[in-house]
Each structure stands twice: as structure tokens, then as C-alpha cells.
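A.B. asks: Just dropping this structure here.
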Amino acid sequence: YLNIEKIIAAAKSSEAEAIHPGYGFLSENADFARACLEAGLAFIGPSPEAIAMMGDKAAAKRHMIKAGVPVLPGYQGEVQDDVTLVAEAKKIGIPLMVKAVAGGGGRGMRLVSQTKDLSNIVASVRTEAFSVFGSNKLILERAVIRPRHVEIQVFGDAHGNIIHLGERDCSVQRRHQKVLEEAPCPVMTDELRARMGEAAVQAARSVNYVGAGTVEFLLDENGEFFFLEMNTRLQVEHPVTELVTGLDLVALQICVAQGGPLGKIQGDVSLCGHAIEARLYAENPSQEFLPATGRVEHLSFPDTVRVDSGVETGSDVSPFYDPMIAKIIASGPDRETARLKLMQALNDTVLFGVSTNRQFLIDAINTEVFVSGEATTAFIGETFASEDFATRPLTDEVAALAALTQYLASRECVAANIPREILGWCSAHPLPQLFEYDGKRVEVLSRSSSLFSLQCGEFNQEVRIEDWSPSRAQFVLSSGRKHIHWHQINSAEIYIQIGAATYNLINSFAIPAAREAAVGQGDINAPLHGALTQMFVSKGDAVDVGARLAVVEAMKMQHDILADVAGTVEEIFAKTGDQVSANAPLFKIKT
């Protein structure tokens, strides 16, 4: 995906006339834009010269100063030795931002809060910049504490027309990467929008900009704004602008790339309503939002909002791409309507198999700070403590409802030809079904086809099924209704989602049954999802029935993988440290 020659060859072989670079990878690569033009292909974006100018943070800042665009005090000189940078940093003062000239996407930037840390941070950013971007050049900027990150969408055509399409507030970020975006900005005034919009248009005009671009600003608490950078591409968050302007930005990009005029002047642009976008990431908020990988076992989105996604059930989230699963965008006539629609949409989004930030997103948009529209770039650090990111604990109630769901799922599998009204009926005294999740023992007793007694610790209630489908359930408890999304992997393992919380539960009582599914075949599969923590055999080893082959760890429990026949280990399909899926092949034993 970074091989320019192969992309050009693919375009030619398919007789394409143009290439749309998206908003990642080569979208801001001047060499790629130039290669497209040299190959006779239209590059749906700005000129290589504009990309090169704005892609170099030092050159871009020097250019903005000449163009009269407000910038932060700092150093963007050519002299790059550590002594010079440290000296210039002391002139600017603390707090200070150290940034890679070629940086982007939140990479290659650090905040210096104490002078004593300056030398180490300069060295650290320089190393990261060279490793990630191939350039170790840096710039220094005065840090603005608790700013808003506000960006202006600009659009230019080949006829010299440049307009802006309003702003987006992208202040909610982790590791300098955006998580929530909205349009318009909650604190924007007509006067401030006009000033910021004019500055953005001025920045674009100074490089003869053609196509979609975004000029990013920091907005301080006094209403002053400063140029941050210009993204010479379509932004990930462009849908919120589309929803409040009624414009299709991609269609407009293609029109402009064909040589057509914008067909609009600034006075034609108006903003209607409000839109908020949440980025659903495969990541672990409890581990400083580190990316997560794995197989997406089940994924579904509500149809009440706009969803942009390239991932589906069965997809693998690998370590080689951005961990974003989807963009979920809600809109309405006002901000609160859009916020409530987004909250409901996030509750109705179901993703099992890989860790996500869904719980955090729901918590974030429900905070008083976000509801009041007061979030700044310091929002996450100031609003959340580390314990707020922890996985919701497994309560007695959740364990009981999970057991009932798993019981019903198993019953449905064998009850295709049984009338629903006699499901669960027994002529003798009914026996309880037993489940155990993470040490919580649950008894499920069927009273009728739709009424059950559940007991788990302090939870002892009768629960009625109000609605049931192959992916969701609605139960009535003494405390009210509970809506559950679920997905069963096998007789031992089930995923349960209740509100913001998601659980991957393994019924320890059912593990032997799952393990015996292929007894005597010599094809040894994983009985459940987990990590392959130990391996006891190698290819060619002789084994007896019951020999210990490996250990799979899941939900803090270790499960032995045993040989089901005597013979020779012919194939090993995984290695120590691998995450394995339920039913994934592990060993083949030849008898």
C-alpha cells in the first residue's frame, strides 16, 4: 500500500483515469502525487508543491508567517543541533511542544513541562521522528495549555476560487489523536468563524490550493487562535461537515479534479444542525489506549446513524494498519439531539472478539464536561482517572443473565421442531442447569418456556424472556428490563454486551464437552479463545492418548490441550504466544 510503482501499474492496467488517495498512507505524499501526474493520471488532491510545502512543519510555519496567518511563537530554523534547540527552547519558555518537522497523526511530538526534561525529550522526539518519518528535524512551539483543537475545512478549484465550509472541533484526543469530532464548534461565534475562516482561506490561497484541505488551529481560552498545520487531504472526520453543510465532499473533490469550478461562493455556505463523530478503535483504554489485535467474531451497527467502516464479521485486526474499526456519526437539529443519538448508537453497536474503546466513548459523551460543550485537549487527562478505564466487573446479575442467555442459545439449537409453549417443560421435578464464570456459580431453573429462576450469589430472582433473537435478548427483572447483545462461540464460550460493558465469558462446567468434540480424530482444535501460553511437543514427537500438548489461557484460567489419539505429531499450526480462536486447528496427530 506504500508501493507507488505498483499502485500506478494497477491504475494503468484497470484503465483508470484518476487516483483518489483516501486520507492515509500516500494521501499526503508529494512524490506520489507527482508520480500520478507524470503517468498521465489525475491525482484527486492538491499539487505536489502544495503537499510538500504543508508537509514540512518548519517550512509551513515560515510560509504562514509570511502569509500573515497567526502562528505560535517558536523555532523553525534550519540549524538543528541539540545545543541550538535547547537554547531556543529556553528563549521560548516552558511549557513547550517539541515536534517532528515531518510528523503527523499525533506521532513525533512531546510536551515539555519542566526545563530539566528538555534535553531528554529533544533526543527522544528526534529518535522517534527518524524511525517513523525518516527525518530527525524538529520545530519548537510555545505550548497552549487546555486549548481547543479547531479546524477549518477549505476547498479550492483550478480557477482560483477558494472557500471554507465551516469548522470542526476535534479537541477530544488521546496521544494527540482524535477520538470525538463535531461540527460546529460548541463555542464558535459568527465573528470568530469569519476570522478563522478567512485565515484558513488565506493559508490555502498562499499555496494556490486546489481540492479539499484542512487548516488546523489551536483556540485558547481567550478566543485567540494559532495555526497548527494544514492537512492536504480529506480528513477522517469529514462526515460531520457533510452532515451540517449538505455537501458531498468526495463528489466535490472529483468535480474539482476534473477541472470543474466549485460552483459556490462563500455566501452560499450555511451550517444547519449539529453532527458528532465517534471513532471506534480496536484498543485497550485501560492500557493507555494501546492498539488491540484479533479476529472480529461478530460486528453489527445500528441503522439510525451514519457508519463508515471497512471492517466486518470475520475480519482480522492486524498490527499493520490503523486500529480504527469504524466512524459512527450522529446528527440532529441541535447538539443535544445529536449527542443522545450517538449515545444510543454506541449502545447498539456490537463488536465481539477484540477489545475496543466503545465503553470509553459512551462514558466520555455522558460526562458533564462534554455535555456542556467545554471539552478541551486536556479533557481525557482531567476528566478520567486510570480506574475509570477498567473493564466493568462481572456482577452476580450479569453472570446470571449470561448463563440464562447461554442456556437459551443451547436450547434453541436443539428445539427447531418443538413447539415453543412446551420448551423447558419437564414431567418430573426440573433439574437446574449449572454454569460457572470466573468463579461465579449460576443455577438456571426453567419454570416455563419463558420464565426462569436464576441464582448467583446474592442474585436470586425469577426472570422472564420478553424478546429473543439469534443475537439479542430482552429480559424482565424486578429492577426493570435488560437489553442484551450476545454471540455464542461454542458450548463453553459466549460474548455478552449489556449497555457500555462487554464480557467474554467461559463456562468452566462446559469446557470438557467442548474439548471432547473431536475425540479420536487426531485433529486437535482450540476449545476456546485465548492465548497459547505453553507448548510441550514438537513436530515429529510421539504422544500417547491424554498427553499434554499445550496450554491455552483465557479469562485468567488455564486449559490443558490433550492428545485424543496415540501417534506422531504431524503438524503444529500455532506457536507459543499466539492468540488462538475457538475451534482453530492447533495440532494434527498421525496414528
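Residue numbering restarts at 1 for every chain of the C-alpha cells, chains are lettered A, B, ... in their displayed order, and ligands are numbered from 1 as they appear.
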Mind checking DSSP for region 305-491 of chain A and telling me the alpha helix (DSSP H) residues as a PyMOL selection string?

C.D. replies: chain A and resi 335-348+358-365+368-371+379-383+396-414

A.B. asks: Within 10 Å of region 152-160 of chain A, counting only C-alpha atoms, which residues show up once you throw out same-chain ones fewer than 3 positions away? Write them as a VMD selection string, please.

C.D. replies: chain A and resid 46 163 to 169 193 196 to 201 203 to 205 208 to 217 230 to 232 234 to 235 238 241 249 252 to 253 255 to 263

A.B. asks: Could you take the residues named above and write them with C-alpha atoms, as a PDB file, in the first residue's frame?

C.D. replies:
ATOM      1  CA  PRO A  46      -3.687  19.345  -4.353  1.00  0.00           C
ATOM      2  CA  ILE A 163     -13.879  28.961   0.183  1.00  0.00           C
ATOM      3  CA  HIS A 164     -14.245  27.429   3.642  1.00  0.00           C
ATOM      4  CA  LEU A 165     -17.041  25.146   4.814  1.00  0.00           C
ATOM      5  CA  GLY A 166     -17.061  25.982   8.492  1.00  0.00           C
ATOM      6  CA  GLU A 167     -15.211  24.370  11.359  1.00  0.00           C
ATOM      7  CA  ARG A 168     -14.903  21.138  13.296  1.00  0.00           C
ATOM      8  CA  ASP A 169     -13.999  20.824  16.978  1.00  0.00           C
ATOM      9  CA  ARG A 193     -15.824  31.783  12.483  1.00  0.00           C
ATOM     10  CA  MET A 196     -10.733  31.776  11.425  1.00  0.00           C
ATOM     11  CA  GLY A 197     -12.290  31.024   8.066  1.00  0.00           C
ATOM     12  CA  GLU A 198     -10.547  33.963   6.437  1.00  0.00           C
ATOM     13  CA  ALA A 199      -7.193  32.924   7.943  1.00  0.00           C
ATOM     14  CA  ALA A 200      -7.690  29.361   6.612  1.00  0.00           C
ATOM     15  CA  VAL A 201      -8.598  30.622   3.134  1.00  0.00           C
ATOM     16  CA  ALA A 203      -3.334  29.963   4.112  1.00  0.00           C
ATOM     17  CA  ALA A 204      -4.756  27.893   1.244  1.00  0.00           C
ATOM     18  CA  ARG A 205      -4.568  30.740  -1.246  1.00  0.00           C
ATOM     19  CA  ASN A 208      -2.622  28.045  -4.809  1.00  0.00           C
ATOM     20  CA  TYR A 209      -4.528  25.224  -3.178  1.00  0.00           C
ATOM     21  CA  VAL A 210      -6.814  23.001  -5.262  1.00  0.00           C
ATOM     22  CA  GLY A 211      -9.115  20.383  -3.733  1.00  0.00           C
ATOM     23  CA  ALA A 212     -10.128  19.571  -0.162  1.00  0.00           C
ATOM     24  CA  GLY A 213      -7.846  20.597   2.665  1.00  0.00           C
ATOM     25  CA  THR A 214      -7.993  21.325   6.361  1.00  0.00           C
ATOM     26  CA  VAL A 215      -6.271  24.139   8.221  1.00  0.00           C
ATOM     27  CA  GLU A 216      -5.885  23.256  11.896  1.00  0.00           C
ATOM     28  CA  PHE A 217      -5.764  25.822  14.682  1.00  0.00           C
ATOM     29  CA  MET A 230      -2.506  22.059   7.196  1.00  0.00           C
ATOM     30  CA  ASN A 231      -3.655  18.592   6.158  1.00  0.00           C
ATOM     31  CA  THR A 232      -3.523  18.440   2.370  1.00  0.00           C
ATOM     32  CA  LEU A 234      -9.666  14.754   3.022  1.00  0.00           C
ATOM     33  CA  GLN A 235      -9.934  14.360   6.800  1.00  0.00           C
ATOM     34  CA  HIS A 238     -15.151  14.975   7.047  1.00  0.00           C
ATOM     35  CA  THR A 241     -19.007  18.683   7.772  1.00  0.00           C
ATOM     36  CA  LEU A 249     -17.049  16.428  -0.178  1.00  0.00           C
ATOM     37  CA  LEU A 252     -16.770  17.843  -4.895  1.00  0.00           C
ATOM     38  CA  GLN A 253     -13.174  16.573  -4.865  1.00  0.00           C
ATOM     39  CA  CYS A 255     -15.514  17.564  -9.707  1.00  0.00           C
ATOM     40  CA  VAL A 256     -12.586  19.853  -8.946  1.00  0.00           C
ATOM     41  CA  ALA A 257     -10.065  17.222 -10.093  1.00  0.00           C
ATOM     42  CA  GLN A 258     -11.898  17.086 -13.419  1.00  0.00           C
ATOM     43  CA  GLY A 259     -11.246  20.810 -13.814  1.00  0.00           C
ATOM     44  CA  GLY A 260     -14.726  21.928 -12.862  1.00  0.00           C
ATOM     45  CA  PRO A 261     -15.468  25.004 -10.756  1.00  0.00           C
ATOM     46  CA  LEU A 262     -16.642  24.805  -7.159  1.00  0.00           C
ATOM     47  CA  GLY A 263     -19.926  26.333  -8.228  1.00  0.00           C
TER      48      GLY A 263
END

A.B. asks: Find the residues around Gly567 (chain A) up to 8 Å (only C-alpha atoms counted), leave out those fewer than 5 positions away in its own chain, and share them as a PyMOL selection string.

C.D. replies: chain A and resi 542-544+589-591

A.B. asks: How many Å lie between CA of Asn284 (chain A) and CA of Ala501 (chain A), rounded to one decimal?

C.D. replies: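 A separation of 13.4 Å between them.
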
A.B. asks: Suppose you want the space between CA of Met343 (chain A) and CA of Tyr281 (chain A); what is it in Å?

C.D. replies: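 Rounded to one decimal, the two atoms are 16.0 Å apart.
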
A.B. asks: Excluding region 519-534 of chain A and its own-chain neighbours fewer than 4 positions away, which residues fall within 8 Å of it when counting only C-alpha atoms? Please give them as an NGL selection string.

C.D. replies: :A and (489-490 or 492-493 or 511 or 514-515 or 550-555 or 561 or 563-565 or 574-591)

A.B. asks: Can you work out which one of A:Gly332, A:Gly457, A:Gly77, A:Gly246 has the shortest atom-to-atom distance to Ala60 (chain A), counting only C-alpha atoms?

C.D. replies: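 Going through A:Gly332, A:Gly457, A:Gly77, A:Gly246 one by one, the smallest distance to Ala60 (chain A) is for A:Gly77.
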
A.B. asks: Write out as a PyMOL selection string each polymer residue whose atoms come within 10 Å of Glu288 (chain A), counting only C-alpha atoms; drop sequence neighbours fewer than 4 positions from it.

C.D. replies: chain A and resi 174-175+283-284+386+389

A.B. asks: At what distance in Å, to one decimal, does CA of Gly93 (chain A) lie from CA of Ser113 (chain A)?

C.D. replies: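 Interatomic distance, CA of Ser113 (chain A) to CA of Gly93 (chain A): 9.7 Å.
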
A.B. asks: Do you know which residues are at most 7 Å from Leu451 (chain A) counting only C-alpha atoms, after dropping those on the same chain fewer than 3 positions away, and could you put them as a PyMOL selection string?

C.D. replies: chain A and resi 446-448+462-465

A.B. asks: Write a file of the selected residues as a compact mmCIF listing (two decimals), in the first residue's frame, keeping N, CA and C atoms.

C.D. replies:
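Contents of out38.txt, freshly written:
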# COMPACT_ATOMS: atom_id res chain seq x y z
N SER A 446 -35.72 -23.82 34.76
CA SER A 446 -36.81 -23.47 33.86
C SER A 446 -38.15 -23.67 34.55
N ARG A 447 -38.95 -22.58 34.65
CA ARG A 447 -40.30 -22.67 35.20
C ARG A 447 -41.33 -22.87 34.09
N SER A 448 -41.04 -22.29 32.94
CA SER A 448 -41.90 -22.45 31.76
C SER A 448 -41.04 -22.11 30.55
N GLU A 462 -36.70 -14.45 39.73
CA GLU A 462 -37.34 -15.02 38.56
C GLU A 462 -37.22 -14.01 37.42
N VAL A 463 -36.83 -14.50 36.25
CA VAL A 463 -36.58 -13.64 35.09
C VAL A 463 -37.43 -14.14 33.93
N ARG A 464 -38.07 -13.20 33.26
CA ARG A 464 -38.94 -13.55 32.13
C ARG A 464 -38.32 -13.09 30.81
N ILE A 465 -38.40 -13.95 29.79
CA ILE A 465 -37.96 -13.56 28.44
C ILE A 465 -39.04 -12.71 27.81

A.B. asks: Determine, using only C-alpha atoms, which residues of region 219-330 of chain A have any atom at most 10 Å from an atom of region 138-144 of chain A, and tabulate each with its shortest atom pair and distance in Å to one decimal place, rows ordered by chain and then rising number, as a tab-separated table.

C.D. replies:
residue	atom	partner	partner_atom	distance
A:Leu219	CA	A:Val144	CA	8.6
A:Asp220	CA	A:Val144	CA	6.9
A:Glu221	CA	A:Val144	CA	9.4
A:Phe226	CA	A:Val144	CA	9.6
A:Leu228	CA	A:Glu141	CA	9.7

A.B. asks: Can you write out the residues you just picked, keeping all heavy atoms, as a compact mmCIF listing (two decimals), in the first residue's frame?

C.D. replies:
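again.txt, freshly written:
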# COMPACT_ATOMS: atom_id res chain seq x y z
N LEU A 219 -7.19 26.97 19.59
CA LEU A 219 -8.02 28.08 20.07
C LEU A 219 -7.86 28.16 21.57
O LEU A 219 -8.21 27.21 22.29
CB LEU A 219 -9.48 27.85 19.68
CG LEU A 219 -10.51 28.87 20.16
CD1 LEU A 219 -10.25 30.23 19.52
CD2 LEU A 219 -11.93 28.38 19.86
N ASP A 220 -7.31 29.28 22.08
CA ASP A 220 -7.08 29.36 23.53
C ASP A 220 -8.31 29.88 24.25
O ASP A 220 -9.35 30.20 23.65
CB ASP A 220 -5.83 30.18 23.85
CG ASP A 220 -5.98 31.67 23.56
OD1 ASP A 220 -7.13 32.15 23.40
OD2 ASP A 220 -4.95 32.36 23.50
N GLU A 221 -8.19 29.95 25.58
CA GLU A 221 -9.34 30.31 26.41
C GLU A 221 -9.76 31.76 26.23
O GLU A 221 -10.86 32.14 26.62
CB GLU A 221 -9.01 30.04 27.88
CG GLU A 221 -8.81 28.56 28.19
CD GLU A 221 -8.38 28.29 29.61
OE1 GLU A 221 -7.46 28.98 30.10
OE2 GLU A 221 -8.96 27.38 30.24
N PHE A 226 -4.28 30.06 16.68
CA PHE A 226 -2.94 29.98 16.11
C PHE A 226 -2.85 28.81 15.15
O PHE A 226 -3.35 27.72 15.44
CB PHE A 226 -1.89 29.81 17.23
CG PHE A 226 -1.99 30.84 18.31
CD1 PHE A 226 -2.74 30.60 19.46
CD2 PHE A 226 -1.36 32.07 18.17
CE1 PHE A 226 -2.84 31.54 20.46
CE2 PHE A 226 -1.44 33.03 19.18
CZ PHE A 226 -2.19 32.77 20.32
N LEU A 228 -1.74 25.62 13.37
CA LEU A 228 -1.09 24.40 13.84
C LEU A 228 -0.44 23.66 12.68
O LEU A 228 0.75 23.39 12.68
CB LEU A 228 -2.11 23.51 14.55
CG LEU A 228 -1.61 22.27 15.26
CD1 LEU A 228 -0.66 22.64 16.38
CD2 LEU A 228 -2.80 21.47 15.82

A.B. asks: Which residues are close to Arg392 (chain A), i.e. within 10 Å by only C-alpha atoms, leaving aside same-chain residues fewer than 3 positions away? Reply as JSON, numbers by chain.

C.D. replies: {"A": [359, 388, 389, 395, 500, 501, 502, 503]}

A.B. asks: As number ranges by chain, which residues of region 239-429 of chain A does DSSP assign to strand (DSSP E)?

C.D. replies: A: 274-281, 283-284, 290-291, 294-295, 298-300, 306-309, 316-317, 324-332, 350-352

A.B. asks: Find, counting only C-alpha atoms, the residue in A:Pro432, A:Pro95, A:Gly267, A:Pro302 that gets nearest to Lys116 (chain A).

C.D. replies: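 Closest to Lys116 (chain A) of all the choices is A:Pro95.
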
A.B. asks: Return the single residue from A:Leu340, A:Val354, A:Leu408, A:Ile329 that is closest to Asn366 (chain A), with distances computed using only C-alpha atoms.

C.D. replies: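 Once distances to Asn366 (chain A) are computed over only C-alpha atoms, the minimum belongs to A:Leu340.
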
A.B. asks: Calculated over only C-alpha atoms, which of the candidates A:Ile254, A:Ala390, A:Ala194, A:Ala399 has the smallest distance to Gln287 (chain A)?

C.D. replies: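 Of all the options, A:Ala390 lies closest to Gln287 (chain A).
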